[in-house]
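**Q** Contents of run_11.csv (CSV, C-alpha atoms) are given next:
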```
chain,number,residue,atom,x,y,z
N,1,MET,CA,2.1,15.4,1.7
N,2,TYR,CA,2.3,14.3,-1.9
N,3,THR,CA,1.7,11.7,-4.6
N,4,THR,CA,4.1,10.7,-7.4
N,5,PHE,CA,3.9,8.7,-10.6
N,6,GLY,CA,6.8,7.4,-12.7
N,7,LYS,CA,8.7,4.6,-14.3
N,8,THR,CA,11.6,2.4,-13.2
N,9,GLY,CA,13.7,0.1,-15.3
N,10,ALA,CA,13.8,-3.6,-14.5
N,11,ASN,CA,15.4,-6.6,-16.3
N,12,LEU,CA,14.2,-10.0,-15.0
N,13,ARG,CA,17.4,-11.6,-16.1
N,14,GLU,CA,17.0,-15.1,-14.8
N,15,PHE,CA,13.3,-15.4,-15.8
N,16,ASN,CA,14.1,-13.9,-19.2
N,17,LYS,CA,16.9,-16.4,-19.7
N,18,MET,CA,14.5,-19.2,-19.0
N,19,LEU,CA,12.1,-17.8,-21.6
N,20,GLU,CA,14.9,-17.4,-24.1
N,21,ASP,CA,15.9,-21.1,-23.7
N,22,LYS,CA,12.4,-22.0,-24.6
N,23,GLY,CA,12.4,-19.8,-27.7
N,24,LEU,CA,10.1,-17.2,-26.2
N,25,THR,CA,10.4,-13.4,-26.1
N,26,PRO,CA,11.5,-11.7,-22.8
N,27,MET,CA,9.2,-9.7,-20.6
N,28,ARG,CA,9.3,-5.9,-21.0
N,29,ASN,CA,11.9,-4.2,-18.9
N,30,SER,CA,10.1,-1.5,-16.8
N,31,TYR,CA,7.4,-1.1,-14.2
N,32,SER,CA,5.2,1.9,-13.1
N,33,ASN,CA,5.3,3.5,-9.7
N,34,LEU,CA,2.5,5.2,-7.8
N,35,SER,CA,3.3,6.6,-4.3
N,36,VAL,CA,1.8,8.6,-1.5
N,37,GLY,CA,4.0,10.1,1.1
N,38,TYR,CA,4.9,12.7,3.7
N,39,LEU,CA,8.0,14.7,4.2
N,40,THR,CA,9.0,17.2,6.9
N,41,ARG,CA,12.0,19.4,7.5
N,42,PHE,CA,13.8,20.0,10.8
N,43,ASN,CA,16.3,22.8,10.1
N,44,ASP,CA,18.2,21.3,7.0
N,45,PHE,CA,17.4,17.7,7.8
N,46,ILE,CA,14.5,15.7,6.1
N,47,LEU,CA,12.4,13.0,7.6
N,48,GLY,CA,9.4,11.2,6.0
N,49,VAL,CA,7.5,8.1,5.1
N,50,GLU,CA,6.3,6.8,1.7
N,51,LEU,CA,4.2,4.0,0.4
N,52,PHE,CA,4.6,2.6,-3.1
N,53,GLN,CA,2.4,0.4,-5.3
N,54,ASN,CA,4.3,-0.8,-8.4
N,55,HIS,CA,2.9,-2.6,-11.5
N,56,GLY,CA,4.8,-4.5,-14.1
N,57,LEU,CA,4.0,-4.4,-17.8
N,58,LYS,CA,1.9,-7.5,-18.7
N,59,SER,CA,3.1,-10.1,-21.1
N,60,GLN,CA,1.1,-12.8,-22.9
N,61,PHE,CA,2.3,-16.4,-23.3
N,62,ASN,CA,-0.1,-18.7,-25.1
N,63,ASN,CA,-3.4,-18.3,-23.1
N,64,TYR,CA,-1.6,-17.1,-20.0
N,65,GLU,CA,-0.9,-13.6,-18.8
N,66,ILE,CA,2.3,-12.9,-16.8
N,67,ASP,CA,2.2,-9.9,-14.4
N,68,TYR,CA,3.8,-8.7,-11.2
N,69,GLN,CA,3.1,-6.2,-8.5
N,70,THR,CA,5.2,-5.0,-5.7
N,71,THR,CA,4.5,-2.9,-2.6
N,72,ARG,CA,7.1,-0.9,-0.6
N,73,PHE,CA,7.1,1.0,2.7
N,74,TYR,CA,10.0,3.5,3.1
N,75,VAL,CA,11.3,5.7,5.8
N,76,ASN,CA,13.1,8.6,4.1
N,77,VAL,CA,16.0,10.6,5.5
N,78,GLY,CA,17.8,13.4,3.8
N,79,PHE,CA,19.4,16.8,3.6
N,80,ALA,CA,18.1,20.0,2.0
N,81,PHE,CA,20.6,22.0,-0.1
N,82,THR,CA,18.5,25.1,-0.3
N,83,GLU,CA,17.3,27.6,2.4
N,84,GLU,CA,13.8,29.0,2.7
N,85,GLY,CA,12.2,29.7,-0.6
N,86,ASN,CA,9.8,28.4,-3.3
N,87,PHE,CA,12.4,26.1,-4.8
N,88,GLN,CA,13.8,23.1,-2.8
N,89,LEU,CA,16.5,20.7,-3.7
N,90,ILE,CA,16.8,17.6,-1.5
N,91,HIS,CA,19.2,14.6,-1.4
N,92,TYR,CA,17.6,11.6,0.3
N,93,MET,CA,17.9,8.0,1.2
N,94,SER,CA,15.1,5.5,1.8
N,95,PHE,CA,15.1,2.4,4.0
N,96,GLY,CA,12.2,-0.1,4.1
N,97,SER,CA,10.6,-3.4,3.3
N,98,GLY,CA,8.2,-4.8,0.7
N,99,PHE,CA,6.0,-7.4,-0.9
N,100,VAL,CA,6.2,-9.1,-4.3
N,101,ASN,CA,3.4,-10.8,-6.2
N,102,PHE,CA,4.4,-12.6,-9.4
N,103,GLN,CA,1.8,-14.5,-11.3
N,104,MET,CA,1.1,-16.4,-14.5
N,105,LEU,CA,-2.6,-17.0,-14.9
N,106,ARG,CA,-5.2,-17.7,-17.6
N,107,GLU,CA,-8.8,-16.6,-17.7
N,108,ASN,CA,-10.9,-18.2,-15.0
N,109,GLU,CA,-13.6,-20.1,-16.9
N,110,VAL,CA,-16.0,-20.7,-13.9
N,111,ASN,CA,-18.7,-18.3,-13.2
N,112,SER,CA,-19.8,-19.3,-9.7
N,113,LEU,CA,-18.1,-19.2,-6.3
N,114,ASN,CA,-18.8,-22.9,-5.8
N,115,GLY,CA,-17.3,-23.8,-9.1
N,116,PHE,CA,-14.1,-21.8,-8.3
N,117,LEU,CA,-13.7,-23.3,-4.8
N,118,GLN,CA,-14.0,-26.8,-6.3
N,119,ASN,CA,-11.6,-26.1,-9.2
N,120,PRO,CA,-9.5,-23.0,-8.5
N,121,GLU,CA,-6.4,-23.8,-10.5
N,122,HIS,CA,-5.9,-21.5,-13.5
N,123,GLY,CA,-2.2,-20.7,-13.1
N,124,TYR,CA,0.4,-20.0,-10.4
N,125,ILE,CA,0.9,-17.1,-7.9
N,126,LEU,CA,4.3,-16.6,-6.1
N,127,ARG,CA,4.5,-14.2,-3.1
N,128,GLU,CA,7.3,-13.0,-0.9
N,129,GLY,CA,6.6,-10.7,2.1
N,130,ASN,CA,2.9,-11.7,1.7
N,131,LEU,CA,0.9,-8.5,2.3
N,132,HIS,CA,-2.3,-10.5,1.8
N,133,LYS,CA,-1.7,-12.1,5.2
N,134,GLY,CA,-1.4,-8.7,6.9
N,135,THR,CA,0.7,-5.5,6.8
N,136,LEU,CA,3.4,-6.8,9.2
N,137,ASN,CA,4.2,-9.7,6.8
N,138,MET,CA,6.2,-7.4,4.5
N,139,SER,CA,9.8,-8.6,4.3
N,140,GLY,CA,13.2,-8.0,2.8
N,141,PHE,CA,15.4,-4.9,3.1
N,142,LEU,CA,15.0,-2.2,0.4
N,143,THR,CA,16.8,1.0,-0.2
N,144,GLU,CA,16.6,4.0,-2.5
N,145,ILE,CA,18.9,6.9,-3.2
N,146,GLY,CA,17.7,10.0,-5.1
N,147,PHE,CA,17.3,13.7,-5.5
N,148,GLN,CA,14.0,15.6,-5.2
N,149,MET,CA,13.2,19.0,-6.7
N,150,THR,CA,10.1,20.9,-5.7
N,151,TYR,CA,8.5,24.2,-6.4
N,152,ASP,CA,5.8,25.8,-4.3
N,153,LEU,CA,3.0,27.8,-5.8
N,154,PRO,CA,1.2,30.0,-3.3
N,155,ILE,CA,-2.6,29.4,-2.8
N,156,PRO,CA,-4.3,32.8,-2.2
N,157,GLY,CA,-5.7,33.2,1.3
N,158,ARG,CA,-4.1,29.9,2.5
N,159,GLU,CA,-1.1,29.1,4.6
N,160,GLU,CA,-0.5,26.0,2.4
N,161,ALA,CA,1.1,26.0,-1.0
N,162,PHE,CA,0.5,23.8,-4.1
N,163,GLU,CA,3.7,21.8,-4.7
N,164,LEU,CA,5.1,20.5,-8.0
N,165,LEU,CA,7.7,17.7,-7.5
N,166,ALA,CA,10.2,15.7,-9.6
N,167,ARG,CA,12.5,12.8,-8.4
N,168,PHE,CA,15.2,10.8,-10.0
N,169,GLY,CA,17.6,8.2,-8.5
N,170,TYR,CA,18.0,4.4,-8.1
N,171,SER,CA,16.1,1.8,-6.1
N,172,PHE,CA,17.8,-1.5,-5.1
N,173,SER,CA,17.7,-4.5,-2.8
N,174,PRO,CA,21.2,-4.7,-1.2
N,175,PHE,CA,21.0,-8.5,-0.4
N,176,GLU,CA,21.4,-10.7,-3.4
N,177,ASP,CA,19.2,-13.6,-2.3
N,178,SER,CA,16.4,-11.7,-0.5
N,179,TRP,CA,13.8,-12.0,-3.3
N,180,ASN,CA,14.3,-15.6,-4.6
N,181,MET,CA,11.2,-17.6,-5.4
N,182,LYS,CA,11.2,-21.1,-6.8
N,183,ASP,CA,14.9,-21.0,-7.6
N,184,ILE,CA,14.8,-17.7,-9.6
N,185,SER,CA,15.8,-14.3,-8.4
N,186,PHE,CA,13.1,-11.6,-8.6
N,187,SER,CA,15.2,-8.8,-7.0
N,188,SER,CA,15.1,-6.8,-10.3
N,189,ILE,CA,11.4,-6.0,-9.8
N,190,GLN,CA,12.4,-4.2,-6.6
N,191,SER,CA,15.3,-2.3,-8.3
N,192,GLY,CA,16.2,0.0,-11.1
N,193,ALA,CA,16.8,3.7,-12.1
N,194,PHE,CA,13.6,5.8,-11.8
N,195,PHE,CA,12.1,9.1,-12.8
N,196,ARG,CA,8.9,10.4,-11.1
N,197,LEU,CA,6.7,13.4,-11.3
N,198,GLY,CA,4.2,14.4,-8.6
N,199,MET,CA,2.2,17.1,-6.8
N,200,GLY,CA,1.2,17.8,-3.3
N,201,ILE,CA,0.3,20.2,-0.5
N,202,SER,CA,3.2,21.9,1.3
N,203,LEU,CA,3.4,24.1,4.4
N,204,PRO,CA,6.2,26.6,3.4
N,205,ASP,CA,9.0,27.5,5.8
N,206,HIS,CA,7.7,31.0,6.4
N,207,ASN,CA,4.3,29.5,7.6
N,208,TYR,CA,5.9,26.5,9.3
N,209,PHE,CA,5.2,27.7,12.8
N,210,TYR,CA,1.9,29.4,12.1
N,211,LYS,CA,-0.3,28.5,15.1
N,212,ASP,CA,-3.4,27.3,13.2
N,213,ALA,CA,-1.8,25.3,10.4
N,214,SER,CA,-0.1,21.9,10.6
N,215,LEU,CA,0.6,18.8,8.6
N,216,GLY,CA,1.4,15.5,10.4
N,217,ALA,CA,2.0,11.8,9.8
N,218,HIS,CA,0.5,9.1,12.0
N,219,LEU,CA,0.9,5.3,12.3
N,220,ILE,CA,-2.4,3.6,13.1
N,221,TYR,CA,-3.4,0.2,14.5
N,222,GLY,CA,-6.9,-0.6,13.5
N,223,MET,CA,-9.5,-3.0,15.0
N,224,HIS,CA,-12.2,-3.7,12.4
N,225,PHE,CA,-15.3,-5.4,13.8
N,226,THR,CA,-16.2,-7.6,10.9
N,227,ARG,CA,-16.0,-11.3,10.1
N,228,PRO,CA,-16.5,-13.0,6.7
N,229,GLU,CA,-19.3,-15.2,8.2
N,230,GLY,CA,-21.3,-15.7,5.0
N,231,PHE,CA,-18.1,-16.4,3.0
N,232,ASN,CA,-16.9,-18.8,5.6
N,233,LYS,CA,-20.2,-20.8,5.2
N,234,LYS,CA,-19.4,-21.1,1.4
N,235,LEU,CA,-15.9,-22.3,2.3
N,236,GLU,CA,-17.2,-25.0,4.6
N,237,GLU,CA,-19.8,-26.2,2.1
N,238,ASN,CA,-16.9,-26.9,-0.3
N,239,GLY,CA,-14.7,-28.7,2.2
N,240,LEU,CA,-12.4,-25.8,3.1
N,241,GLN,CA,-11.5,-24.4,6.5
N,242,PRO,CA,-13.1,-21.0,7.4
N,243,PHE,CA,-11.1,-17.9,8.3
N,244,THR,CA,-10.9,-17.1,12.1
N,245,GLY,CA,-10.3,-13.8,13.9
N,246,ARG,CA,-10.8,-10.3,12.8
N,247,PRO,CA,-8.7,-8.3,10.2
N,248,ASN,CA,-6.7,-6.1,12.6
N,249,ASN,CA,-4.0,-4.2,10.8
N,250,TRP,CA,-1.5,-1.3,10.7
N,251,ALA,CA,-2.2,1.8,8.6
N,252,LEU,CA,-0.8,5.2,7.6
N,253,LYS,CA,-2.7,8.4,8.1
N,254,ILE,CA,-1.6,11.9,6.9
N,255,LEU,CA,-3.6,14.7,8.5
N,256,GLY,CA,-3.3,18.4,7.8
N,257,GLU,CA,-5.1,21.4,9.4
N,258,SER,CA,-5.7,25.0,8.5
N,259,LYS,CA,-7.8,27.2,10.7
N,260,GLY,CA,-9.8,24.3,12.0
N,261,PHE,CA,-10.3,22.8,8.5
N,262,LEU,CA,-8.9,19.2,8.3
N,263,TYR,CA,-7.7,17.3,5.2
N,264,GLY,CA,-5.6,14.3,4.4
N,265,PHE,CA,-5.6,10.6,3.4
N,266,ASP,CA,-5.6,7.1,5.0
N,267,PHE,CA,-4.1,3.9,3.5
N,268,TYR,CA,-4.6,0.6,5.2
N,269,ASN,CA,-4.8,-3.1,4.6
N,270,LEU,CA,-7.1,-5.8,6.0
N,271,GLY,CA,-5.7,-9.3,5.8
N,272,LEU,CA,-6.8,-12.8,6.8
N,273,ALA,CA,-5.0,-16.0,6.2
N,274,GLY,CA,-5.0,-19.7,7.1
N,275,GLN,CA,-4.9,-23.3,5.9
N,276,ALA,CA,-7.7,-24.1,3.5
N,277,ASN,CA,-7.1,-27.9,3.6
N,278,GLU,CA,-4.1,-30.3,3.8
N,279,SER,CA,-2.6,-29.1,0.5
N,280,LYS,CA,-3.8,-25.5,0.1
N,281,SER,CA,-3.7,-22.2,2.0
N,282,HIS,CA,-5.9,-19.2,1.4
N,283,THR,CA,-6.0,-15.4,2.1
N,284,LEU,CA,-8.7,-12.8,2.1
N,285,ASN,CA,-7.4,-9.3,1.6
N,286,SER,CA,-8.7,-5.8,1.2
N,287,LEU,CA,-6.8,-2.6,0.6
N,288,ARG,CA,-8.4,0.7,1.4
N,289,PHE,CA,-7.4,4.2,0.4
N,290,TYR,CA,-9.4,7.3,1.6
N,291,ALA,CA,-9.2,11.0,0.9
N,292,ASN,CA,-10.6,12.8,4.0
N,293,LEU,CA,-12.1,16.2,4.7
N,294,GLY,CA,-13.3,17.5,8.1
N,295,MET,CA,-13.5,20.0,10.9
N,296,LYS,CA,-11.9,20.4,14.3
N,297,PHE,CA,-14.8,20.8,16.8
N,298,PHE,CA,-12.9,21.5,20.0
N,299,GLU,CA,-9.4,22.3,21.2
N,300,ARG,CA,-8.2,23.1,24.7
N,301,ARG,CA,-4.5,23.1,25.5
N,302,ASN,CA,-3.1,19.9,24.0
N,303,LEU,CA,-6.5,18.1,23.7
N,304,GLU,CA,-8.6,18.2,20.5
N,305,LEU,CA,-11.8,16.6,19.0
N,306,GLY,CA,-12.6,16.5,15.4
N,307,GLY,CA,-14.6,14.8,12.7
N,308,LEU,CA,-13.8,13.6,9.2
N,309,GLY,CA,-15.6,12.3,6.2
N,310,GLY,CA,-13.8,10.0,3.7
N,311,LEU,CA,-14.4,8.9,0.2
N,312,GLY,CA,-12.1,6.2,-1.2
N,313,PHE,CA,-11.3,3.1,-3.1
N,314,ALA,CA,-11.1,-0.5,-1.9
N,315,ASN,CA,-10.6,-4.0,-3.3
N,316,ILE,CA,-11.4,-7.5,-2.1
N,317,ARG,CA,-9.3,-10.5,-3.2
N,318,TYR,CA,-9.6,-14.1,-2.2
N,319,SER,CA,-6.6,-16.4,-3.1
N,320,LEU,CA,-6.5,-20.2,-2.9
N,321,LEU,CA,-2.9,-21.4,-3.2
N,322,SER,CA,-1.2,-24.7,-3.4
N,323,ASN,CA,1.4,-25.3,-0.6
N,324,GLU,CA,3.7,-27.4,-2.8
N,325,LYS,CA,4.7,-26.0,-6.2
N,326,PRO,CA,7.8,-27.2,-8.2
N,327,ASP,CA,10.7,-24.9,-9.0
N,328,PHE,CA,11.4,-23.3,-12.4
N,329,PRO,CA,11.4,-24.3,-15.2
N,330,ARG,CA,9.0,-27.1,-14.4
N,331,LEU,CA,6.6,-24.6,-12.8
N,332,PHE,CA,6.5,-22.7,-16.0
N,333,GLU,CA,5.7,-25.9,-17.9
N,334,GLU,CA,3.1,-27.1,-15.3
N,335,PRO,CA,1.5,-23.9,-14.1
N,336,LEU,CA,-1.9,-25.1,-12.9
N,337,HIS,CA,-1.7,-24.7,-9.1
N,338,ASP,CA,-3.4,-21.5,-7.8
N,339,GLY,CA,-6.3,-19.2,-8.4
N,340,PHE,CA,-7.9,-16.0,-7.1
N,341,LEU,CA,-11.1,-13.9,-7.3
N,342,ARG,CA,-11.1,-10.1,-7.1
N,343,ASN,CA,-13.4,-7.1,-7.2
N,344,ALA,CA,-13.1,-3.4,-6.4
N,345,GLY,CA,-15.3,-0.3,-5.8
N,346,LEU,CA,-15.8,2.9,-3.9
N,347,MET,CA,-16.1,3.3,-0.1
N,348,ALA,CA,-17.3,6.0,2.2
N,349,LYS,CA,-16.8,6.6,5.9
N,350,PRO,CA,-17.6,9.1,8.7
N,351,GLU,CA,-15.0,9.3,11.5
N,352,ILE,CA,-14.6,11.0,14.9
N,353,TYR,CA,-11.3,11.3,16.6
N,354,LEU,CA,-9.9,12.4,20.0
N,355,SER,CA,-6.2,13.3,20.2
N,356,TYR,CA,-3.7,14.5,22.7
N,357,GLY,CA,-0.4,16.3,21.9
N,358,ILE,CA,2.8,15.9,23.9
N,359,PRO,CA,5.3,18.8,23.2
N,360,ILE,CA,8.7,17.5,22.1
N,361,SER,CA,10.5,20.3,23.8
N,362,SER,CA,9.7,23.5,25.6
N,363,ASN,CA,11.1,25.8,22.8
N,364,SER,CA,9.4,23.9,19.9
N,365,SER,CA,5.8,23.7,18.6
N,366,SER,CA,6.4,20.1,17.4
N,367,LYS,CA,4.3,17.5,19.2
N,368,ILE,CA,3.9,13.7,19.5
N,369,ILE,CA,0.3,13.0,18.8
N,370,LEU,CA,-1.6,10.2,20.5
N,371,GLY,CA,-5.1,9.6,19.1
N,372,VAL,CA,-8.2,7.4,19.1
N,373,HIS,CA,-10.4,7.2,16.0
N,374,GLY,CA,-13.8,5.6,15.6
N,375,GLY,CA,-16.0,5.3,12.5
N,376,TYR,CA,-18.0,3.2,10.1
N,377,GLU,CA,-17.0,2.0,6.6
N,378,LEU,CA,-19.8,2.0,4.0
N,379,PRO,CA,-19.3,0.2,0.7
N,380,LEU,CA,-20.8,1.9,-2.4
N,381,SER,CA,-20.9,-1.4,-4.4
N,382,ASN,CA,-21.6,-5.0,-3.7
N,383,TYR,CA,-18.0,-6.2,-4.0
N,384,ARG,CA,-19.1,-9.5,-5.6
N,385,LEU,CA,-16.8,-12.5,-5.8
N,386,GLU,CA,-18.4,-14.2,-8.7
N,387,GLU,CA,-22.1,-14.1,-7.7
N,388,PHE,CA,-21.5,-13.9,-4.0
N,389,SER,CA,-21.7,-10.4,-2.4
N,390,MET,CA,-19.1,-9.4,0.2
N,391,TYR,CA,-21.0,-6.2,1.1
N,392,GLN,CA,-21.6,-7.3,4.7
N,393,TYR,CA,-17.9,-8.0,5.2
N,394,MET,CA,-16.8,-4.7,3.7
N,395,ALA,CA,-19.4,-2.7,5.8
N,396,ASN,CA,-18.0,-2.5,9.4
N,397,PRO,CA,-17.4,-0.3,12.4
N,398,TYR,CA,-13.8,0.3,13.4
N,399,LEU,CA,-11.6,1.6,16.2
N,400,GLN,CA,-8.1,2.9,15.5
N,401,PHE,CA,-5.3,3.9,17.8
N,402,SER,CA,-2.6,6.2,16.4
N,403,VAL,CA,0.8,7.7,17.2
N,404,GLY,CA,2.3,10.4,15.1
N,405,VAL,CA,4.3,13.6,14.8
N,406,ARG,CA,3.0,17.1,14.1
N,407,PRO,CA,5.9,19.5,13.4
```
Just dump the structure as structure tokens.
**A**
Amino acid sequence: MYTTFGKTGANLREFNKMLEDKGLTPMRNSYSNLSVGYLTRFNDFILGVELFQNHGLKSQFNNYEIDYQTTRFYVNVGFAFTEEGNFQLIHYMSFGSGFVNFQMLRENEVNSLNGFLQNPEHGYILREGNLHKGTLNMSGFLTEIGFQMTYDLPIPGREEAFELLARFGYSFSPFEDSWNMKDISFSSIQSGAFFRLGMGISLPDHNYFYKDASLGAHLIYGMHFTRPEGFNKKLEENGLQPFTGRPNNWALKILGESKGFLYGFDFYNLGLAGQANESKSHTLNSLRFYANLGMKFFERRNLELGGLGGLGFANIRYSLLSNEKPDFPRLFEEPLHDGFLRNAGLMAKPEIYLSYGIPISSNSSSKIILGVHGGYELPLSNYRLEEFSMYQYMANPYLQFSVGVRP
């Protein structure tokens, strides 16, 4: 498992051409990448998953700030050129989908939740593959081709190694019209040549089949037993429709083990969406990232029981969006349509899990893992939207069901 950080080139040609026609300077042509991922090796073949959060460089126009963010989820396949050893060279391809958030906003001058709900407009927000509605709303088809070089540094007394990583290649969206919003193409902010550096934890080939060490990836469906009841009351007081249902969502869990000691991370997204009134829609979204440590309490044959404690980061974001916005360049000239409120802070959680491993074959130690996870999320700040605390919404018990692979 690993994390990387890097830069990718991006030229928003159509948007920059519109700025040039108005005598304005273009946006800067690159964006940053932050990823977490998992990669495993079957003989010389590579299989993995990776999650990216990308941020554009902000630009100022009069009193407005233009910014964009993208999210990508990739499945990686590849081939290793090297045999067992500390140095690895891999050629890989990635296939996945994503989300784009492009916005032009000025400072929100209101300082109360009621004031914002009555007059939310302080710019515009464009979204494609809207992750704020829920994880399964990601869209488009994205690909990446690259090379990865890694070097393992042994950790004394451990089966794992500390890994240094470098990547270079090219990301692109193969379909020309897949990221068009309001008559302008934004495919460039999902594309470009990249260079990334990273680090991680690796289980080297010579320890790969060690009985008490493993490193697996799991896809999770989570049921979170919370509702924004207090926030819904504020919405109704201001003539807006409340959110219904619970924020059930898909997640990614990486879990490693060494001699009964557990470690890893979770990343998941809680999203609610609906109509606010006849002309506006709204979303309530929270992203969660946890680093986990724990112990395995019990193991018998293919059944195991363990506990984890997590410390992480979360945000809360409420967006109130107009359903009808004009196309560019009129939208650039008349930008007052949408608004949002946001806050972020630390989270903690205890978790207990029960899992069962199904051997893939009789001559392999690899398993398909089925699991049930239960826990409680505890916010370590109030997560205020203006003066209104979302603490009760962020604090909630959850139940998760997972399926994964443990090589």
**Q** For Met394 in chain N, which of N:Asn285, N:Asn86, N:Asn238, N:Ser258 is the closest residue, counting all atoms listed in the file?
**A**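 Closest residue, counting all atoms listed in the file: N:Asn285.
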**Q** Give as a PyMOL selection string every residue, naming chains and numbers as the document does, that has an atom within 8 Å of (10.9, 12.6, 3.8), counting all atoms listed in the file.
**A** chain N and resi 37-41+46-50+75-78+92
**Q** Keeping C-alpha atoms for every residue in the selection just given, could you write it to a file as a PDB file, in the coordinates of the input?
**A**
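Done, and the output landed in part-v1.pdb:
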```
ATOM      1  CA  GLY N  37       4.000  10.100   1.100  1.00  0.00           C
ATOM      2  CA  TYR N  38       4.900  12.700   3.700  1.00  0.00           C
ATOM      3  CA  LEU N  39       8.000  14.700   4.200  1.00  0.00           C
ATOM      4  CA  THR N  40       9.000  17.200   6.900  1.00  0.00           C
ATOM      5  CA  ARG N  41      12.000  19.400   7.500  1.00  0.00           C
ATOM      6  CA  ILE N  46      14.500  15.700   6.100  1.00  0.00           C
ATOM      7  CA  LEU N  47      12.400  13.000   7.600  1.00  0.00           C
ATOM      8  CA  GLY N  48       9.400  11.200   6.000  1.00  0.00           C
ATOM      9  CA  VAL N  49       7.500   8.100   5.100  1.00  0.00           C
ATOM     10  CA  GLU N  50       6.300   6.800   1.700  1.00  0.00           C
ATOM     11  CA  VAL N  75      11.300   5.700   5.800  1.00  0.00           C
ATOM     12  CA  ASN N  76      13.100   8.600   4.100  1.00  0.00           C
ATOM     13  CA  VAL N  77      16.000  10.600   5.500  1.00  0.00           C
ATOM     14  CA  GLY N  78      17.800  13.400   3.800  1.00  0.00           C
ATOM     15  CA  TYR N  92      17.600  11.600   0.300  1.00  0.00           C
TER      16      TYR N  92
END
```
**Q** Give the answer as one residue: which of N:Phe81, N:Phe87, N:Phe225, N:Tyr31 has the shortest atom-to-atom distance to Ser191 in chain N, using all atoms listed in the file?
**A** N:Tyr31
**Q** Please indicate the distance in Å from CA of Phe42 in chain N to CA of Ile220 in chain N, rounded to one decimal place.
**A**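 Those two atoms sit 23.2 Å apart.
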**Q** From the options N:Ser94, N:Gln103, N:Gln148, N:Ser139, which residue's atoms come nearest to Thr4 in chain N, counting all atoms listed in the file?
**A**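 Ranking N:Ser94, N:Gln103, N:Gln148, N:Ser139 by distance to Thr4 in chain N, first place goes to N:Gln148.
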**Q** Arg301 in chain N: which residues within 10 Å, counting all atoms listed in the file, same-chain residues fewer than 3 positions away excluded, as an MDAnalysis selection string?
**A** chainID N and resid 304 356:357
**Q** Considering all atoms listed in the file, tabulate each residue of range 98-171 of chain N that lies at most 10 Å from range 270-279 of chain N along with its nearest interatomic pair and the corresponding distance in Å to one decimal; arrange the rows by chain and ascending residue number and present them as a Markdown table.
**A**
```
| residue | atom | partner | partner_atom | distance |
| --- | --- | --- | --- | --- |
| N:Asn130 | CA | N:Gly271 | CA | 9.8 |
| N:Leu131 | CA | N:Gly271 | CA | 7.5 |
| N:His132 | CA | N:Gly271 | CA | 5.4 |
| N:Lys133 | CA | N:Gly271 | CA | 4.9 |
| N:Gly134 | CA | N:Gly271 | CA | 4.5 |
| N:Thr135 | CA | N:Gly271 | CA | 7.5 |
| N:Asn137 | CA | N:Gly271 | CA | 10.0 |
```
**Q** Counting all atoms listed in the file, which residue out of N:Tyr221, N:Phe95, N:Phe231, N:Phe195 sits closest to Phe172 in chain N?
**A**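 Among the listed residues, N:Phe95 lies closest to Phe172 in chain N.
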**Q** Please, what is the axis-aligned box for every listed atom of range 215-226 of chain N with 4 Å on each side, as centre and edge lengths in Å to one decimal, as JSON?
**A**
```
{"center_x": -7.1, "center_y": 5.6, "center_z": 11.8, "size_x": 26.2, "size_y": 34.4, "size_z": 14.4}
```
**Q** Find the residues with any atom within 6 Å of (2.2, -2.2, -2.6); use all atoms listed in the file and the coordinates as given in the file, and write the answer as a compact mmCIF listing (two decimals) with C-alpha atoms, keeping the file's coordinate frame.
**A**
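The file below, selection.txt, is the result:
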```
# COMPACT_ATOMS: atom_id res chain seq x y z
CA PHE N 52 4.60 2.60 -3.10
CA GLN N 53 2.40 0.40 -5.30
CA THR N 70 5.20 -5.00 -5.70
CA THR N 71 4.50 -2.90 -2.60
CA ARG N 72 7.10 -0.90 -0.60
```
**Q** Just to confirm, what's the straight-line distance from CA of Ser322 in chain N to CA of Gly96 in chain N in Å (one decimal)?
**A**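 Taking CA of Ser322 in chain N as the start and CA of Gly96 in chain N as the end point, the length is 29.0 Å.
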**Q** May I ask for the distance between CA of Glu163 in chain N and CA of Leu287 in chain N, given in Å to one decimal place?
**A**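 These atoms are spaced 27.1 Å apart.
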**Q** Compile the contact shell of Phe61 in chain N as a PDB file with C-alpha atoms, keeping the file's coordinate frame: residues with an atom at most 9 Å away, counting all atoms listed in the file, same-chain residues fewer than 4 positions apart removed.
**A**
```
ATOM      1  CA  LEU N  24      10.100 -17.200 -26.200  1.00  0.00           C
ATOM      2  CA  GLU N  65      -0.900 -13.600 -18.800  1.00  0.00           C
ATOM      3  CA  ILE N  66       2.300 -12.900 -16.800  1.00  0.00           C
ATOM      4  CA  MET N 104       1.100 -16.400 -14.500  1.00  0.00           C
TER       5      MET N 104
END
```
**Q** Which residue is closest to Tyr68 in chain N? Choose from N:Thr244, N:Asn108, N:Ser188, N:Asn315 and count only C-alpha atoms.
**A**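 Residue with the minimum atom-to-atom distance to Tyr68 in chain N: N:Ser188.
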**Q** Nearest to Arg317 in chain N: which of N:Leu385, N:Ala251, N:Phe261, N:Val372 is it, counting all atoms listed in the file?
**A**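 The closest residue to Arg317 in chain N is N:Leu385.
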**Q** As a VMD selection string, please: the residues near range 395-402 of chain N (cut-off 12 Å, only C-alpha atoms, same-chain neighbours under 3 positions excluded).
**A** chain N and resid 216 to 228 246 to 255 266 268 270 314 346 to 357 368 to 383 389 to 392 405
**Q** Which residues come within 10 Å of Phe147 in chain N, counting only C-alpha atoms, excluding same-chain residues fewer than 6 positions away, as number ranges by chain?
**A** N: 78-80, 89-93, 166-170
**Q** Give me, as a list in words, all polymer residues having an atom no more than 12 Å from Glu237 in chain N, counting all atoms listed in the file and skipping those fewer than 2 positions away in the same chain.
**A**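 The residues satisfying every condition are Leu113, Asn114, Gly115, Leu117, Gln118, Gly230, Phe231, Asn232, Lys233, Lys234, Leu235, Gly239, Leu240, Gln241 and Pro242 of chain N.
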